[in-house]
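The next block holds one structure in the form of structure tokens; read it before the comments.
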Amino acid sequence: APSSPSRRAPGRPQPTERRPRARPTRSRRAPPEYYDRPLEFRRDVVGAASVHHLCKSMVMENTKAPAEVTGCEDPRLSKYYMIVVQYTARLSAEKIKDFVFKLADGALPKRKINLRLAPQEVSDELTGYRHNAVSPMACRTQIPIIMSDRIAALQPDFFFLGAGEVDLKVGLSAADFIARYKPFVIDCTYNE
């Protein structure tokens with residue numbers, strides 16, 4: 001029998017173009033008011049152990065990268081990084097800058113590193129997802145991932161993040177996520 005046509009939106013990546021998926025152990029549809037409500041409401045919607053188990057993914061761009069650094073092919077010299085961090089944590093751009101500098105191992109001077117939130121249209125194009133739906137899972141482009149070490153240390157070892165649709169959230173173990181996506185797990189938040 002012929003296969004049915006894809007139900008993906010035009011321009012969306014096909015399965016053969018995607019990263020392998022981490023096996024979610026729990027997914028939830030969030031109500032329309034999800035992002036207008038406090039973290040405690042969101043925790044209850046997805047069934048997270050605490051508000052610290054709620055995480056987000058965002059694409060950051062090195063706005064001072066040399067002209068020859070344009071893509072994501074080399075994690076040491078990437079123009080873009082996907083950051084996975086808890087909603088309750090404050091991201092430290094300085095810690096990420098220091099990490100990227102060390103990762104580049106001398107190939108990128110510190111003055112050529114300035115990581116900022118990528119413009120929405122750039123994030124949309126790289127990931128295939130719109131605002132509040134960005135996810136490292138099934139991302140259109142293989143962007144190097146930086147994950148907060150606080151997520152890896154969560155107990156229980158189970159966190160939630162966006163799953164490619166604004167109202168879709170997925171929960172999985174940090175250990176499984178790390179094994180499948182090979183993120184750089186670093187201290188990238190302020191110690192508050």
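Residue numbers start at 1 in each chain; chains themselves are named A, B, ... in the order of the structure tokens; ligands are numbered from 1 in the order shown.
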Filtered DSSP result for segment 5-177 of chain A, state alpha helix (DSSP H), as a JSON list (two decimals) with C-alpha atoms, in the first residue's frame:
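And here's out-v4.json as it stands now:
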[["chain", "number", "residue", "atom", "x", "y", "z"],
["A", 39, "LEU", "CA", 5.39, 28.00, 37.66],
["A", 40, "GLU", "CA", 3.41, 26.16, 40.35],
["A", 41, "PHE", "CA", 0.46, 25.90, 37.95],
["A", 42, "ARG", "CA", 2.78, 24.60, 35.21],
["A", 43, "ARG", "CA", 4.31, 22.08, 37.61],
["A", 44, "ASP", "CA", 0.85, 20.73, 38.41],
["A", 45, "VAL", "CA", -0.18, 20.58, 34.73],
["A", 46, "VAL", "CA", 2.75, 18.35, 33.76],
["A", 93, "ALA", "CA", 26.18, 34.63, 29.79],
["A", 94, "GLU", "CA", 29.66, 35.04, 31.27],
["A", 95, "LYS", "CA", 29.89, 31.37, 32.30],
["A", 96, "ILE", "CA", 28.75, 30.29, 28.83],
["A", 97, "LYS", "CA", 31.27, 32.66, 27.24],
["A", 98, "ASP", "CA", 34.07, 31.17, 29.38],
["A", 99, "PHE", "CA", 32.97, 27.65, 28.39],
["A", 100, "VAL", "CA", 32.87, 28.47, 24.66],
["A", 101, "PHE", "CA", 36.31, 30.08, 24.93],
["A", 102, "LYS", "CA", 37.76, 26.92, 26.53],
["A", 103, "LEU", "CA", 35.92, 24.71, 24.05],
["A", 104, "ALA", "CA", 37.46, 26.60, 21.12],
["A", 120, "GLN", "CA", 13.20, 34.74, 16.77],
["A", 121, "GLU", "CA", 13.28, 34.28, 13.00],
["A", 122, "VAL", "CA", 16.79, 32.76, 13.22],
["A", 123, "SER", "CA", 15.72, 30.41, 16.02],
["A", 124, "ASP", "CA", 12.60, 29.42, 14.05],
["A", 125, "GLU", "CA", 14.68, 28.66, 10.94],
["A", 126, "LEU", "CA", 17.37, 26.68, 12.78],
["A", 127, "THR", "CA", 15.03, 24.62, 14.94],
["A", 149, "ASP", "CA", 24.48, 20.94, 35.38],
["A", 150, "ARG", "CA", 21.62, 21.68, 37.77],
["A", 151, "ILE", "CA", 19.26, 19.71, 35.51],
["A", 152, "ALA", "CA", 21.64, 16.74, 35.55],
["A", 174, "ALA", "CA", 18.35, 13.81, 32.48],
["A", 175, "ALA", "CA", 20.54, 10.70, 32.25],
["A", 176, "ASP", "CA", 18.63, 9.50, 29.16],
["A", 177, "PHE", "CA", 18.72, 12.97, 27.60]]
Residues within 8 Å of Leu91 of chain A, only C-alpha atoms, excluding chain neighbours under 3 positions, as number ranges by chain
A: 85, 188-190
Which residues of segment 19-131 of chain A come within 10 Å of segment 169-173 of chain A, and for each one, what is the closest pair of atoms and their distance in Å to one decimal, counting only C-alpha atoms, sorted by chain and residue number, as CSV?
residue,atom,partner,partner_atom,distance
A:Ala22,CA,A:Leu172,CA,7.8
A:Arg23,CA,A:Leu172,CA,7.2
A:Pro24,CA,A:Leu172,CA,5.0
A:Thr25,CA,A:Leu172,CA,5.5
A:Arg26,CA,A:Gly171,CA,5.0
A:Ser27,CA,A:Val170,CA,4.2
A:Arg28,CA,A:Lys169,CA,5.3
A:Arg29,CA,A:Lys169,CA,6.4
A:Ala30,CA,A:Lys169,CA,7.1
A:Val45,CA,A:Lys169,CA,9.7
A:Val46,CA,A:Lys169,CA,7.3
A:Gly47,CA,A:Gly171,CA,9.1
A:Ala48,CA,A:Gly171,CA,8.2
A:His53,CA,A:Gly171,CA,9.1
A:Leu54,CA,A:Gly171,CA,9.1
A:Cys55,CA,A:Gly171,CA,9.8
Between atom CA of Asn132 of chain A and atom CA of Pro32 of chain A, what is the spacing in Å?
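Those two atoms sit 11.8 Å apart.
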Report the distance between atom CA of Met137 of chain A and atom CA of Glu61 of chain A in Å, rounded to one decimal place.
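Taking atom CA of Met137 of chain A and atom CA of Glu61 of chain A, their separation equals 19.1 Å.
Going from atom CA of Glu73 of chain A over to atom CA of Met147 of chain A, you cover 18.3 Å.
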Please return as a count of residues only: the residues of segment 4-110 of chain A that backbone DSSP assigns to strand (DSSP E or B).
21
Compile the contact shell of Glu165 of chain A as an MDAnalysis selection string: residues with an atom at most 9 Å away, counting only C-alpha atoms, same-chain residues fewer than 4 positions apart removed.
chainID A and resid 129:130 132:135 169
Go ahead and save the residues from that selection, with all heavy atoms, as an mmCIF file, in the first residue's frame.
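File written: selection_2.cif
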data_model
loop_
_atom_site.group_PDB
_atom_site.id
_atom_site.type_symbol
_atom_site.label_atom_id
_atom_site.label_comp_id
_atom_site.auth_asym_id
_atom_site.auth_seq_id
_atom_site.Cartn_x
_atom_site.Cartn_y
_atom_site.Cartn_z
ATOM 1 N N TYR A 129 10.964 25.288 14.986
ATOM 2 C CA TYR A 129 9.950 25.516 16.021
ATOM 3 C C TYR A 129 9.814 27.001 16.320
ATOM 4 O O TYR A 129 10.776 27.748 16.257
ATOM 5 C CB TYR A 129 10.329 24.796 17.318
ATOM 6 C CG TYR A 129 10.537 23.320 17.147
ATOM 7 C CD1 TYR A 129 11.727 22.722 17.550
ATOM 8 C CD2 TYR A 129 9.563 22.516 16.570
ATOM 9 C CE1 TYR A 129 11.927 21.355 17.402
ATOM 10 C CE2 TYR A 129 9.760 21.160 16.408
ATOM 11 C CZ TYR A 129 10.936 20.588 16.824
ATOM 12 O OH TYR A 129 11.133 19.249 16.671
ATOM 13 N N ARG A 130 8.610 27.379 16.721
ATOM 14 C CA ARG A 130 8.379 28.783 17.054
ATOM 15 C C ARG A 130 8.575 29.023 18.552
ATOM 16 O O ARG A 130 8.827 28.084 19.312
ATOM 17 C CB ARG A 130 6.990 29.215 16.599
ATOM 18 C CG ARG A 130 5.863 28.467 17.252
ATOM 19 C CD ARG A 130 4.536 28.815 16.579
ATOM 20 N NE ARG A 130 3.466 28.094 17.237
ATOM 21 C CZ ARG A 130 2.393 28.669 17.726
ATOM 22 N NH1 ARG A 130 2.213 29.957 17.615
ATOM 23 N NH2 ARG A 130 1.464 27.951 18.309
ATOM 24 N N ASN A 132 8.321 29.412 22.404
ATOM 25 C CA ASN A 132 7.698 28.541 23.412
ATOM 26 C C ASN A 132 7.506 27.104 22.931
ATOM 27 O O ASN A 132 6.843 26.313 23.592
ATOM 28 C CB ASN A 132 6.359 29.098 23.912
ATOM 29 C CG ASN A 132 6.547 30.269 24.846
ATOM 30 O OD1 ASN A 132 7.605 30.430 25.467
ATOM 31 N ND2 ASN A 132 5.538 31.100 24.963
ATOM 32 N N ALA A 133 8.086 26.758 21.788
ATOM 33 C CA ALA A 133 8.021 25.378 21.303
ATOM 34 C C ALA A 133 9.418 24.837 20.990
ATOM 35 O O ALA A 133 9.555 23.689 20.590
ATOM 36 C CB ALA A 133 7.136 25.297 20.061
ATOM 37 N N VAL A 134 10.461 25.654 21.169
ATOM 38 C CA VAL A 134 11.832 25.249 20.847
ATOM 39 C C VAL A 134 12.209 24.026 21.672
ATOM 40 O O VAL A 134 11.965 23.962 22.867
ATOM 41 C CB VAL A 134 12.826 26.405 21.091
ATOM 42 C CG1 VAL A 134 14.268 25.944 20.933
ATOM 43 C CG2 VAL A 134 12.524 27.554 20.150
ATOM 44 N N SER A 135 12.796 23.056 20.989
ATOM 45 C CA SER A 135 13.170 21.801 21.640
ATOM 46 C C SER A 135 14.391 21.218 20.944
ATOM 47 O O SER A 135 14.503 21.311 19.721
ATOM 48 C CB SER A 135 12.006 20.803 21.543
ATOM 49 O OG SER A 135 12.376 19.566 22.098
ATOM 50 N N LYS A 169 4.436 19.340 26.146
ATOM 51 C CA LYS A 169 5.562 19.247 27.066
ATOM 52 C C LYS A 169 5.925 17.775 27.223
ATOM 53 O O LYS A 169 5.060 16.906 27.204
ATOM 54 C CB LYS A 169 5.206 19.839 28.439
ATOM 55 C CG LYS A 169 4.633 21.236 28.362
ATOM 56 C CD LYS A 169 5.550 22.205 27.659
ATOM 57 C CE LYS A 169 4.838 23.486 27.271
ATOM 58 N NZ LYS A 169 5.525 24.225 26.248
#
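Comparing A:Lys112, A:Val84, A:Ala89, A:Ala179 by their smallest distance to Asn62 of chain A, the closest is A:Lys112 (using only C-alpha atoms).
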Select, from A:Gln86, A:Thr141, A:Ser57, A:Thr63, the residue with the minimum atom-to-atom distance to Leu115 of chain A, counting only C-alpha atoms.
A:Thr63
Across A:Val51, A:Val59, A:Leu77, A:Ile186, the smallest distance to Ile113 of chain A, with only C-alpha atoms counted, is shown by A:Leu77
Counting only C-alpha atoms, the option among A:Ala107, A:Arg140, A:Tyr80, A:His52 closest to Ala153 of chain A
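Smallest distance to Ala153 of chain A is found for A:His52.
If only C-alpha atoms are the atoms counted, then among A:Ala65, A:Ala138, A:Met82, A:Leu161 the closest residue to Pro109 of chain A is A:Ala65.
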Can you list, as JSON, numbers by chain, every protein, DNA or RNA residue that comes within 6 Å of Ile146 of chain A when you count only C-alpha atoms, leaving out same-chain residues fewer than 4 positions away?
{"A": [83, 183, 184, 185]}
